[in-house]
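Chemist: Structure file my_file_7.txt (compact mmCIF, N, CA and C atoms) right here:
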# COMPACT_ATOMS: atom_id res chain seq x y z
N MET A 700 14.11 2.40 1.44
CA MET A 700 13.54 1.63 2.53
C MET A 700 13.85 0.16 2.29
N ASP A 701 14.31 -0.54 3.31
CA ASP A 701 14.66 -1.93 3.10
C ASP A 701 13.43 -2.83 3.16
N VAL A 702 13.60 -4.04 2.63
CA VAL A 702 12.48 -4.98 2.51
C VAL A 702 11.92 -5.36 3.88
N ALA A 703 12.77 -5.56 4.86
CA ALA A 703 12.29 -5.94 6.20
C ALA A 703 11.39 -4.86 6.78
N GLN A 704 11.77 -3.61 6.60
CA GLN A 704 10.95 -2.51 7.11
C GLN A 704 9.63 -2.44 6.36
N THR A 705 9.68 -2.62 5.05
CA THR A 705 8.46 -2.61 4.23
C THR A 705 7.54 -3.73 4.67
N ASP A 706 8.09 -4.93 4.87
CA ASP A 706 7.28 -6.06 5.33
C ASP A 706 6.67 -5.76 6.70
N GLY A 707 7.43 -5.10 7.56
CA GLY A 707 6.92 -4.76 8.89
C GLY A 707 5.75 -3.80 8.82
N PHE A 708 5.78 -2.88 7.88
CA PHE A 708 4.66 -1.96 7.72
C PHE A 708 3.42 -2.70 7.23
N MET A 709 3.61 -3.68 6.34
CA MET A 709 2.45 -4.44 5.88
C MET A 709 1.91 -5.31 7.01
N VAL A 710 2.76 -5.79 7.89
CA VAL A 710 2.29 -6.54 9.06
C VAL A 710 1.38 -5.65 9.90
N ALA A 711 1.74 -4.38 10.05
CA ALA A 711 0.90 -3.44 10.80
C ALA A 711 -0.44 -3.23 10.10
N ALA A 712 -0.44 -3.15 8.78
CA ALA A 712 -1.69 -3.01 8.03
C ALA A 712 -2.55 -4.27 8.18
N LEU A 713 -1.91 -5.42 8.16
CA LEU A 713 -2.64 -6.68 8.36
C LEU A 713 -3.26 -6.74 9.76
N ALA A 714 -2.56 -6.22 10.76
CA ALA A 714 -3.12 -6.19 12.12
C ALA A 714 -4.37 -5.31 12.16
N GLU A 715 -4.34 -4.18 11.45
CA GLU A 715 -5.53 -3.33 11.36
C GLU A 715 -6.68 -4.08 10.67
N ALA A 716 -6.35 -4.83 9.63
CA ALA A 716 -7.37 -5.60 8.91
C ALA A 716 -8.00 -6.64 9.83
N LYS A 717 -7.18 -7.33 10.60
CA LYS A 717 -7.70 -8.34 11.54
C LYS A 717 -8.63 -7.71 12.56
N ARG A 718 -8.25 -6.56 13.08
CA ARG A 718 -9.12 -5.87 14.05
C ARG A 718 -10.44 -5.46 13.41
N ALA A 719 -10.38 -5.01 12.16
CA ALA A 719 -11.61 -4.64 11.46
C ALA A 719 -12.52 -5.86 11.32
N GLY A 720 -11.95 -6.98 10.94
CA GLY A 720 -12.74 -8.22 10.82
C GLY A 720 -13.36 -8.64 12.12
N GLU A 721 -12.63 -8.48 13.22
CA GLU A 721 -13.16 -8.82 14.54
C GLU A 721 -14.33 -7.93 14.92
N ARG A 722 -14.39 -6.72 14.36
CA ARG A 722 -15.50 -5.80 14.62
C ARG A 722 -16.67 -6.04 13.67
N GLY A 723 -16.53 -7.01 12.76
CA GLY A 723 -17.58 -7.28 11.80
C GLY A 723 -17.48 -6.47 10.52
N GLU A 724 -16.39 -5.73 10.38
CA GLU A 724 -16.15 -4.96 9.16
C GLU A 724 -15.38 -5.84 8.17
N VAL A 725 -15.47 -5.52 6.89
CA VAL A 725 -14.65 -6.22 5.91
C VAL A 725 -13.19 -5.98 6.32
N PRO A 726 -12.41 -7.06 6.45
CA PRO A 726 -11.06 -6.95 7.02
C PRO A 726 -10.03 -6.35 6.05
N ILE A 727 -10.02 -5.04 6.01
CA ILE A 727 -9.02 -4.31 5.23
C ILE A 727 -8.37 -3.31 6.17
N GLY A 728 -7.05 -3.25 6.11
CA GLY A 728 -6.31 -2.33 6.96
C GLY A 728 -5.35 -1.48 6.14
N ALA A 729 -5.08 -0.30 6.67
CA ALA A 729 -4.17 0.62 5.97
C ALA A 729 -3.35 1.40 6.99
N ILE A 730 -2.13 1.72 6.61
CA ILE A 730 -1.29 2.60 7.42
C ILE A 730 -0.58 3.59 6.51
N VAL A 731 -0.32 4.76 7.05
CA VAL A 731 0.45 5.78 6.34
C VAL A 731 1.78 5.92 7.06
N VAL A 732 2.84 5.90 6.27
CA VAL A 732 4.20 6.00 6.79
C VAL A 732 4.85 7.26 6.24
N ALA A 733 5.43 8.05 7.13
CA ALA A 733 6.19 9.24 6.72
C ALA A 733 7.49 9.26 7.51
N ASP A 734 8.56 9.55 6.84
CA ASP A 734 9.89 9.59 7.48
C ASP A 734 10.20 8.31 8.24
N GLY A 735 9.79 7.19 7.68
CA GLY A 735 10.11 5.89 8.25
C GLY A 735 9.31 5.48 9.47
N ARG A 736 8.24 6.23 9.78
CA ARG A 736 7.43 5.86 10.95
C ARG A 736 5.95 5.93 10.60
N ILE A 737 5.17 5.14 11.30
CA ILE A 737 3.73 5.12 11.08
C ILE A 737 3.13 6.38 11.68
N VAL A 738 2.42 7.15 10.86
CA VAL A 738 1.79 8.38 11.35
C VAL A 738 0.28 8.21 11.49
N ALA A 739 -0.28 7.19 10.85
CA ALA A 739 -1.72 6.95 10.97
C ALA A 739 -2.03 5.53 10.54
N SER A 740 -3.10 4.99 11.11
CA SER A 740 -3.54 3.65 10.74
C SER A 740 -5.05 3.57 10.87
N ALA A 741 -5.62 2.61 10.16
CA ALA A 741 -7.07 2.43 10.21
C ALA A 741 -7.44 1.09 9.61
N GLY A 742 -8.59 0.63 10.03
CA GLY A 742 -9.25 -0.51 9.40
C GLY A 742 -10.59 0.00 8.90
N ASN A 743 -11.24 -0.77 8.07
CA ASN A 743 -12.56 -0.36 7.58
C ASN A 743 -13.49 -0.04 8.74
N GLU A 744 -14.30 1.00 8.59
CA GLU A 744 -15.29 1.37 9.60
C GLU A 744 -16.62 1.77 8.94
N THR A 745 -16.90 1.23 7.78
CA THR A 745 -18.12 1.63 7.07
C THR A 745 -19.38 1.32 7.86
N ARG A 746 -19.41 0.16 8.51
CA ARG A 746 -20.60 -0.23 9.28
C ARG A 746 -20.69 0.56 10.58
N ALA A 747 -19.58 0.69 11.26
CA ALA A 747 -19.58 1.38 12.55
C ALA A 747 -19.98 2.84 12.40
N LEU A 748 -19.56 3.46 11.31
CA LEU A 748 -19.83 4.88 11.11
C LEU A 748 -21.03 5.14 10.19
N ASN A 749 -21.62 4.05 9.67
CA ASN A 749 -22.70 4.20 8.69
C ASN A 749 -22.27 5.15 7.58
N ASP A 750 -21.08 4.90 7.06
CA ASP A 750 -20.46 5.80 6.09
C ASP A 750 -19.77 4.96 5.01
N VAL A 751 -20.32 4.99 3.81
CA VAL A 751 -19.75 4.20 2.73
C VAL A 751 -18.34 4.65 2.34
N THR A 752 -17.94 5.84 2.74
CA THR A 752 -16.59 6.32 2.43
C THR A 752 -15.57 5.97 3.50
N ALA A 753 -15.97 5.30 4.56
CA ALA A 753 -15.07 5.01 5.68
C ALA A 753 -14.22 3.76 5.41
N HIS A 754 -13.61 3.74 4.22
CA HIS A 754 -12.68 2.67 3.89
C HIS A 754 -11.38 2.91 4.67
N ALA A 755 -10.63 1.86 4.90
CA ALA A 755 -9.38 1.95 5.65
C ALA A 755 -8.45 3.01 5.08
N GLU A 756 -8.33 3.05 3.76
CA GLU A 756 -7.42 4.01 3.13
C GLU A 756 -7.84 5.45 3.40
N ILE A 757 -9.12 5.73 3.24
CA ILE A 757 -9.63 7.09 3.44
C ILE A 757 -9.41 7.52 4.89
N LEU A 758 -9.74 6.64 5.83
CA LEU A 758 -9.57 6.97 7.25
C LEU A 758 -8.11 7.19 7.59
N ALA A 759 -7.23 6.34 7.07
CA ALA A 759 -5.79 6.49 7.35
C ALA A 759 -5.27 7.80 6.77
N ILE A 760 -5.70 8.14 5.57
CA ILE A 760 -5.27 9.40 4.95
C ILE A 760 -5.78 10.59 5.75
N ARG A 761 -7.04 10.55 6.17
CA ARG A 761 -7.59 11.65 6.98
C ARG A 761 -6.79 11.83 8.27
N ARG A 762 -6.51 10.71 8.93
CA ARG A 762 -5.78 10.77 10.21
C ARG A 762 -4.35 11.25 10.00
N ALA A 763 -3.72 10.82 8.92
CA ALA A 763 -2.35 11.25 8.63
C ALA A 763 -2.32 12.74 8.34
N ALA A 764 -3.27 13.23 7.56
CA ALA A 764 -3.32 14.66 7.23
C ALA A 764 -3.50 15.48 8.50
N GLU A 765 -4.34 14.99 9.40
CA GLU A 765 -4.53 15.69 10.67
C GLU A 765 -3.25 15.67 11.49
N ALA A 766 -2.58 14.51 11.51
CA ALA A 766 -1.35 14.38 12.31
C ALA A 766 -0.23 15.28 11.81
N VAL A 767 -0.10 15.42 10.50
CA VAL A 767 0.99 16.24 9.97
C VAL A 767 0.56 17.68 9.70
N GLY A 768 -0.74 17.95 9.81
CA GLY A 768 -1.23 19.31 9.63
C GLY A 768 -1.23 19.79 8.19
N ASP A 769 -1.44 18.86 7.27
CA ASP A 769 -1.44 19.23 5.85
C ASP A 769 -2.26 18.20 5.08
N GLU A 770 -3.09 18.68 4.14
CA GLU A 770 -3.88 17.74 3.35
C GLU A 770 -3.04 17.01 2.31
N ARG A 771 -1.88 17.52 2.02
CA ARG A 771 -0.95 16.87 1.08
C ARG A 771 0.04 16.02 1.87
N LEU A 772 0.14 14.78 1.47
CA LEU A 772 1.04 13.85 2.16
C LEU A 772 2.20 13.46 1.25
N SER A 773 2.75 14.45 0.57
CA SER A 773 3.90 14.23 -0.31
C SER A 773 5.02 13.59 0.50
N GLY A 774 5.60 12.57 -0.05
CA GLY A 774 6.68 11.88 0.65
C GLY A 774 6.21 10.77 1.56
N ALA A 775 4.89 10.62 1.72
CA ALA A 775 4.35 9.55 2.57
C ALA A 775 4.01 8.33 1.72
N ASP A 776 4.03 7.19 2.35
CA ASP A 776 3.69 5.93 1.71
C ASP A 776 2.45 5.34 2.37
N LEU A 777 1.64 4.64 1.58
CA LEU A 777 0.44 3.99 2.10
C LEU A 777 0.56 2.50 1.89
N TYR A 778 0.30 1.75 2.95
CA TYR A 778 0.27 0.30 2.90
C TYR A 778 -1.16 -0.13 3.16
N VAL A 779 -1.71 -0.93 2.27
CA VAL A 779 -3.10 -1.38 2.42
C VAL A 779 -3.18 -2.85 2.01
N THR A 780 -4.04 -3.58 2.67
CA THR A 780 -4.09 -5.03 2.47
C THR A 780 -4.80 -5.46 1.19
N LEU A 781 -5.61 -4.59 0.60
CA LEU A 781 -6.32 -4.92 -0.63
C LEU A 781 -6.15 -3.78 -1.64
N GLU A 782 -6.08 -4.13 -2.90
CA GLU A 782 -6.01 -3.12 -3.95
C GLU A 782 -7.10 -2.07 -3.75
N PRO A 783 -6.75 -0.81 -3.69
CA PRO A 783 -7.75 0.24 -3.47
C PRO A 783 -8.80 0.30 -4.58
N CYS A 784 -10.01 0.64 -4.17
CA CYS A 784 -11.09 0.88 -5.13
C CYS A 784 -10.82 2.23 -5.81
N THR A 785 -11.66 2.58 -6.76
CA THR A 785 -11.46 3.84 -7.49
C THR A 785 -11.55 5.05 -6.57
N MET A 786 -12.50 5.03 -5.62
CA MET A 786 -12.64 6.16 -4.68
C MET A 786 -11.35 6.35 -3.89
N CYS A 787 -10.82 5.25 -3.38
CA CYS A 787 -9.60 5.34 -2.58
C CYS A 787 -8.39 5.68 -3.44
N ALA A 788 -8.34 5.15 -4.66
CA ALA A 788 -7.24 5.50 -5.57
C ALA A 788 -7.23 7.01 -5.82
N ALA A 789 -8.41 7.58 -5.99
CA ALA A 789 -8.49 9.03 -6.20
C ALA A 789 -8.01 9.78 -4.96
N ALA A 790 -8.43 9.35 -3.79
CA ALA A 790 -7.99 10.01 -2.55
C ALA A 790 -6.47 9.92 -2.40
N ILE A 791 -5.91 8.79 -2.74
CA ILE A 791 -4.45 8.60 -2.67
C ILE A 791 -3.77 9.60 -3.62
N SER A 792 -4.32 9.75 -4.80
CA SER A 792 -3.78 10.70 -5.77
C SER A 792 -3.90 12.14 -5.25
N PHE A 793 -5.08 12.51 -4.77
CA PHE A 793 -5.30 13.87 -4.29
C PHE A 793 -4.42 14.21 -3.09
N ALA A 794 -4.12 13.20 -2.26
CA ALA A 794 -3.25 13.41 -1.09
C ALA A 794 -1.78 13.44 -1.48
N ARG A 795 -1.50 13.11 -2.72
CA ARG A 795 -0.13 13.11 -3.24
C ARG A 795 0.76 12.07 -2.54
N ILE A 796 0.17 10.93 -2.20
CA ILE A 796 0.93 9.83 -1.61
C ILE A 796 2.05 9.44 -2.58
N ARG A 797 3.23 9.24 -2.05
CA ARG A 797 4.40 8.94 -2.88
C ARG A 797 4.38 7.50 -3.41
N ARG A 798 4.16 6.55 -2.50
CA ARG A 798 4.16 5.13 -2.88
C ARG A 798 2.96 4.43 -2.28
N LEU A 799 2.38 3.54 -3.07
CA LEU A 799 1.28 2.69 -2.62
C LEU A 799 1.76 1.25 -2.64
N TYR A 800 1.64 0.59 -1.51
CA TYR A 800 1.94 -0.83 -1.41
C TYR A 800 0.63 -1.52 -1.06
N TYR A 801 0.24 -2.52 -1.84
CA TYR A 801 -0.97 -3.25 -1.46
C TYR A 801 -0.76 -4.75 -1.55
N GLY A 802 -1.59 -5.46 -0.79
CA GLY A 802 -1.49 -6.91 -0.70
C GLY A 802 -2.16 -7.63 -1.85
N ALA A 803 -3.43 -7.96 -1.65
CA ALA A 803 -4.17 -8.75 -2.63
C ALA A 803 -4.78 -7.87 -3.71
N GLU A 804 -4.82 -8.40 -4.92
CA GLU A 804 -5.52 -7.71 -6.00
C GLU A 804 -7.02 -7.87 -5.79
N ASP A 805 -7.78 -6.93 -6.35
CA ASP A 805 -9.24 -6.98 -6.28
C ASP A 805 -9.79 -6.90 -7.70
N PRO A 806 -9.92 -8.06 -8.37
CA PRO A 806 -10.39 -8.06 -9.75
C PRO A 806 -11.78 -7.45 -9.94
N LYS A 807 -12.64 -7.53 -8.93
CA LYS A 807 -14.00 -7.00 -9.05
C LYS A 807 -14.09 -5.51 -8.71
N GLY A 808 -13.41 -5.08 -7.66
CA GLY A 808 -13.59 -3.71 -7.18
C GLY A 808 -12.35 -2.84 -7.19
N GLY A 809 -11.23 -3.40 -7.61
CA GLY A 809 -9.99 -2.62 -7.60
C GLY A 809 -10.01 -1.53 -8.64
N GLY A 810 -9.29 -0.45 -8.35
CA GLY A 810 -9.23 0.67 -9.27
C GLY A 810 -7.82 1.06 -9.67
N VAL A 811 -6.85 0.22 -9.30
CA VAL A 811 -5.45 0.54 -9.57
C VAL A 811 -4.92 -0.32 -10.71
N ASP A 812 -4.85 -1.62 -10.51
CA ASP A 812 -4.37 -2.54 -11.54
C ASP A 812 -5.52 -3.29 -12.20
N ASN A 813 -6.72 -3.10 -11.70
CA ASN A 813 -7.93 -3.68 -12.26
C ASN A 813 -8.94 -2.55 -12.47
N GLY A 814 -10.07 -2.89 -13.05
CA GLY A 814 -11.12 -1.89 -13.21
C GLY A 814 -10.69 -0.71 -14.05
N VAL A 815 -10.94 0.51 -13.53
CA VAL A 815 -10.65 1.73 -14.31
C VAL A 815 -9.17 2.07 -14.41
N ARG A 816 -8.35 1.43 -13.60
CA ARG A 816 -6.90 1.73 -13.59
C ARG A 816 -6.68 3.24 -13.52
N PHE A 817 -7.15 3.78 -12.42
CA PHE A 817 -7.22 5.22 -12.22
C PHE A 817 -5.92 5.96 -12.54
N TYR A 818 -4.79 5.40 -12.13
CA TYR A 818 -3.53 6.13 -12.30
C TYR A 818 -3.06 6.23 -13.75
N THR A 819 -3.67 5.46 -14.64
CA THR A 819 -3.29 5.52 -16.05
C THR A 819 -4.19 6.48 -16.84
N GLN A 820 -5.19 7.05 -16.19
CA GLN A 820 -6.13 7.93 -16.88
C GLN A 820 -5.53 9.33 -17.08
N PRO A 821 -5.84 9.96 -18.20
CA PRO A 821 -5.30 11.31 -18.44
C PRO A 821 -5.80 12.35 -17.45
N THR A 822 -6.90 12.07 -16.77
CA THR A 822 -7.43 13.02 -15.79
C THR A 822 -6.79 12.87 -14.41
N CYS A 823 -5.91 11.88 -14.25
CA CYS A 823 -5.22 11.68 -12.97
C CYS A 823 -4.04 12.64 -12.90
N HIS A 824 -4.03 13.50 -11.90
CA HIS A 824 -2.98 14.51 -11.77
C HIS A 824 -1.71 14.02 -11.07
N HIS A 825 -1.86 13.00 -10.23
CA HIS A 825 -0.69 12.45 -9.52
C HIS A 825 -0.86 10.95 -9.41
N ALA A 826 0.13 10.21 -9.81
CA ALA A 826 0.13 8.76 -9.68
C ALA A 826 1.27 8.34 -8.78
N PRO A 827 0.96 7.62 -7.70
CA PRO A 827 2.05 7.13 -6.85
C PRO A 827 2.78 5.97 -7.52
N GLU A 828 3.96 5.67 -7.03
CA GLU A 828 4.60 4.42 -7.41
C GLU A 828 3.75 3.32 -6.78
N VAL A 829 3.48 2.26 -7.52
CA VAL A 829 2.61 1.19 -7.02
C VAL A 829 3.39 -0.11 -6.93
N TYR A 830 3.28 -0.77 -5.78
CA TYR A 830 3.91 -2.06 -5.54
C TYR A 830 2.83 -3.00 -5.02
N SER A 831 2.55 -4.04 -5.77
CA SER A 831 1.49 -4.96 -5.37
C SER A 831 2.07 -6.29 -4.91
N GLY A 832 1.24 -7.06 -4.22
CA GLY A 832 1.62 -8.41 -3.82
C GLY A 832 2.30 -8.52 -2.47
N LEU A 833 2.51 -7.41 -1.77
CA LEU A 833 3.16 -7.45 -0.46
C LEU A 833 2.15 -7.96 0.58
N GLY A 834 2.41 -9.11 1.16
CA GLY A 834 1.45 -9.70 2.10
C GLY A 834 0.21 -10.22 1.41
N GLU A 835 0.34 -10.55 0.15
CA GLU A 835 -0.82 -10.96 -0.66
C GLU A 835 -1.54 -12.18 -0.10
N THR A 836 -0.81 -13.21 0.25
CA THR A 836 -1.44 -14.44 0.74
C THR A 836 -2.21 -14.19 2.02
N GLU A 837 -1.60 -13.49 2.98
CA GLU A 837 -2.26 -13.22 4.24
C GLU A 837 -3.50 -12.34 4.04
N SER A 838 -3.38 -11.35 3.18
CA SER A 838 -4.50 -10.45 2.90
C SER A 838 -5.67 -11.21 2.27
N ALA A 839 -5.37 -12.02 1.27
CA ALA A 839 -6.41 -12.78 0.58
C ALA A 839 -7.06 -13.79 1.52
N THR A 840 -6.26 -14.43 2.37
CA THR A 840 -6.80 -15.41 3.31
C THR A 840 -7.74 -14.75 4.31
N LEU A 841 -7.38 -13.59 4.82
CA LEU A 841 -8.26 -12.86 5.74
C LEU A 841 -9.61 -12.58 5.11
N LEU A 842 -9.59 -12.09 3.89
CA LEU A 842 -10.83 -11.77 3.19
C LEU A 842 -11.65 -13.02 2.87
N ARG A 843 -11.00 -14.04 2.35
CA ARG A 843 -11.69 -15.28 2.01
C ARG A 843 -12.36 -15.90 3.24
N ASP A 844 -11.61 -15.97 4.34
CA ASP A 844 -12.16 -16.55 5.57
C ASP A 844 -13.33 -15.72 6.10
N PHE A 845 -13.20 -14.41 6.04
CA PHE A 845 -14.25 -13.51 6.52
C PHE A 845 -15.56 -13.78 5.77
N PHE A 846 -15.48 -13.83 4.44
CA PHE A 846 -16.69 -14.01 3.64
C PHE A 846 -17.23 -15.43 3.72
N GLN A 847 -16.35 -16.43 3.86
CA GLN A 847 -16.82 -17.81 4.03
C GLN A 847 -17.59 -17.97 5.33
N ASN A 848 -17.15 -17.29 6.38
CA ASN A 848 -17.84 -17.35 7.67
C ASN A 848 -19.16 -16.63 7.64
N ARG A 849 -19.38 -15.74 6.68
CA ARG A 849 -20.63 -14.99 6.56
C ARG A 849 -21.71 -15.77 5.80
N ARG A 850 -21.28 -16.79 5.06
CA ARG A 850 -22.24 -17.55 4.22
C ARG A 850 -22.90 -18.66 4.96
Before anything else, please render the file you have as C-alpha cells.
Modeler:
Amino acid sequence: MDVAQTDGFMVAALAEAKRAGERGEVPIGAIVVADGRIVASAGNETRALNDVTAHAEILAIRRAAEAVGDERLSGADLYVTLEPCTMCAAAISFARIRRLYYGAEDPKGGGVDNGVRFYTQPTCHHAPEVYSGLGETESATLLRDFFQNRR
C-alpha cells in the first residue's frame, strides 16, 4: 500500500474522530480497510450508547465483521486516531487484524506501545504489524482541544 493511500485512510479516521467530537464524544475515529477499500468506520459512541465498550475501534471491527460476514478480519487493516487501549488491542488481536495504524500515543491509557503492551505478552495469540505516528499531530490536537473546551 502506498503512503498516499495510507494517509488518505487516516484522513478518513480523523473525519470520524471530528464527527465524534461534534457529538460530544471523545474524538477518536477508526476505519477498517480490506482489499484497499474502507469496509467500516466509526467514531466513539460510549455516551450515545451508554456503553463503555463502544470505542471507535470496537464499533469499526463489529461493523467490518458484519460487512464481510466473518468475525475474523485476516488481511484487514485498522486505522485509528489514538493508540488503542488494552480492551481494543485485545479485540484487534482476536479479529486477526493484519496491520494497525494509529495516530497519537496514549501514555496513560494505551495498551499497545504504552501500558501493558498487549501484543508483547505471551498470552497474545495474534499481534498485528503496528505503525504509529500517522496523523499524530492532527489526532493529538483534536483530543487536546476537546478536553481544553471541557474545562
Chemist: For the point (3.1, -0.3, 7.8) in file coordinates, what residues are within 8 Å, counting only N, CA and C atoms? Give the answer as a ChimeraX atom specification?
Modeler: /A:704-713,729-732,736-737,776-779
Chemist: Report the distance between CA of Asp805 in chain A and CA of Arg761 in chain A in Å, rounded to one decimal place.
Modeler: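 CA of Arg761 in chain A lies at a distance of 22.9 Å from CA of Asp805 in chain A.
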Chemist: Compile the contact shell of Ala755 in chain A as a compact mmCIF listing (two decimals) with N, CA and C atoms, in the frame of the given file: residues with an atom at most 10 Å away, counting only C-alpha atoms, same-chain residues fewer than 3 positions apart removed.
Modeler:
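Saved as around.txt:
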# COMPACT_ATOMS: atom_id res chain seq x y z
N ALA A 712 -0.44 -3.15 8.78
CA ALA A 712 -1.69 -3.01 8.03
C ALA A 712 -2.55 -4.27 8.18
N GLU A 715 -4.34 -4.18 11.45
CA GLU A 715 -5.53 -3.33 11.36
C GLU A 715 -6.68 -4.08 10.67
N ALA A 716 -6.35 -4.83 9.63
CA ALA A 716 -7.37 -5.60 8.91
C ALA A 716 -8.00 -6.64 9.83
N ALA A 719 -10.38 -5.01 12.16
CA ALA A 719 -11.61 -4.64 11.46
C ALA A 719 -12.52 -5.86 11.32
N VAL A 725 -15.47 -5.52 6.89
CA VAL A 725 -14.65 -6.22 5.91
C VAL A 725 -13.19 -5.98 6.32
N PRO A 726 -12.41 -7.06 6.45
CA PRO A 726 -11.06 -6.95 7.02
C PRO A 726 -10.03 -6.35 6.05
N ILE A 727 -10.02 -5.04 6.01
CA ILE A 727 -9.02 -4.31 5.23
C ILE A 727 -8.37 -3.31 6.17
N GLY A 728 -7.05 -3.25 6.11
CA GLY A 728 -6.31 -2.33 6.96
C GLY A 728 -5.35 -1.48 6.14
N ALA A 729 -5.08 -0.30 6.67
CA ALA A 729 -4.17 0.62 5.97
C ALA A 729 -3.35 1.40 6.99
N ILE A 730 -2.13 1.72 6.61
CA ILE A 730 -1.29 2.60 7.42
C ILE A 730 -0.58 3.59 6.51
N SER A 740 -3.10 4.99 11.11
CA SER A 740 -3.54 3.65 10.74
C SER A 740 -5.05 3.57 10.87
N ALA A 741 -5.62 2.61 10.16
CA ALA A 741 -7.07 2.43 10.21
C ALA A 741 -7.44 1.09 9.61
N GLY A 742 -8.59 0.63 10.03
CA GLY A 742 -9.25 -0.51 9.40
C GLY A 742 -10.59 0.00 8.90
N ASN A 743 -11.24 -0.77 8.07
CA ASN A 743 -12.56 -0.36 7.58
C ASN A 743 -13.49 -0.04 8.74
N GLU A 744 -14.30 1.00 8.59
CA GLU A 744 -15.29 1.37 9.60
C GLU A 744 -16.62 1.77 8.94
N THR A 745 -16.90 1.23 7.78
CA THR A 745 -18.12 1.63 7.07
C THR A 745 -19.38 1.32 7.86
N THR A 752 -17.94 5.84 2.74
CA THR A 752 -16.59 6.32 2.43
C THR A 752 -15.57 5.97 3.50
N LEU A 758 -9.74 6.64 5.83
CA LEU A 758 -9.57 6.97 7.25
C LEU A 758 -8.11 7.19 7.59
N ALA A 759 -7.23 6.34 7.07
CA ALA A 759 -5.79 6.49 7.35
C ALA A 759 -5.27 7.80 6.77
N ILE A 760 -5.70 8.14 5.57
CA ILE A 760 -5.27 9.40 4.95
C ILE A 760 -5.78 10.59 5.75
N ARG A 761 -7.04 10.55 6.17
CA ARG A 761 -7.59 11.65 6.98
C ARG A 761 -6.79 11.83 8.27
N VAL A 779 -1.71 -0.93 2.27
CA VAL A 779 -3.10 -1.38 2.42
C VAL A 779 -3.18 -2.85 2.01
N THR A 780 -4.04 -3.58 2.67
CA THR A 780 -4.09 -5.03 2.47
C THR A 780 -4.80 -5.46 1.19
N LEU A 781 -5.61 -4.59 0.60
CA LEU A 781 -6.32 -4.92 -0.63
C LEU A 781 -6.15 -3.78 -1.64
N PRO A 783 -6.75 -0.81 -3.69
CA PRO A 783 -7.75 0.24 -3.47
C PRO A 783 -8.80 0.30 -4.58
N CYS A 787 -10.82 5.25 -3.38
CA CYS A 787 -9.60 5.34 -2.58
C CYS A 787 -8.39 5.68 -3.44
Chemist: Could you tell me how far CA of Ala839 in chain A lies from atom N of Glu721 in chain A, in Å and to one decimal?
Modeler: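 Going from CA of Ala839 in chain A over to atom N of Glu721 in chain A, I get 14.7 Å.
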Chemist: Work out how far atom N of Ala790 in chain A is from CA of Arg771 in chain A, in Å to one decimal.
Modeler: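 It comes out at 11.7 Å.
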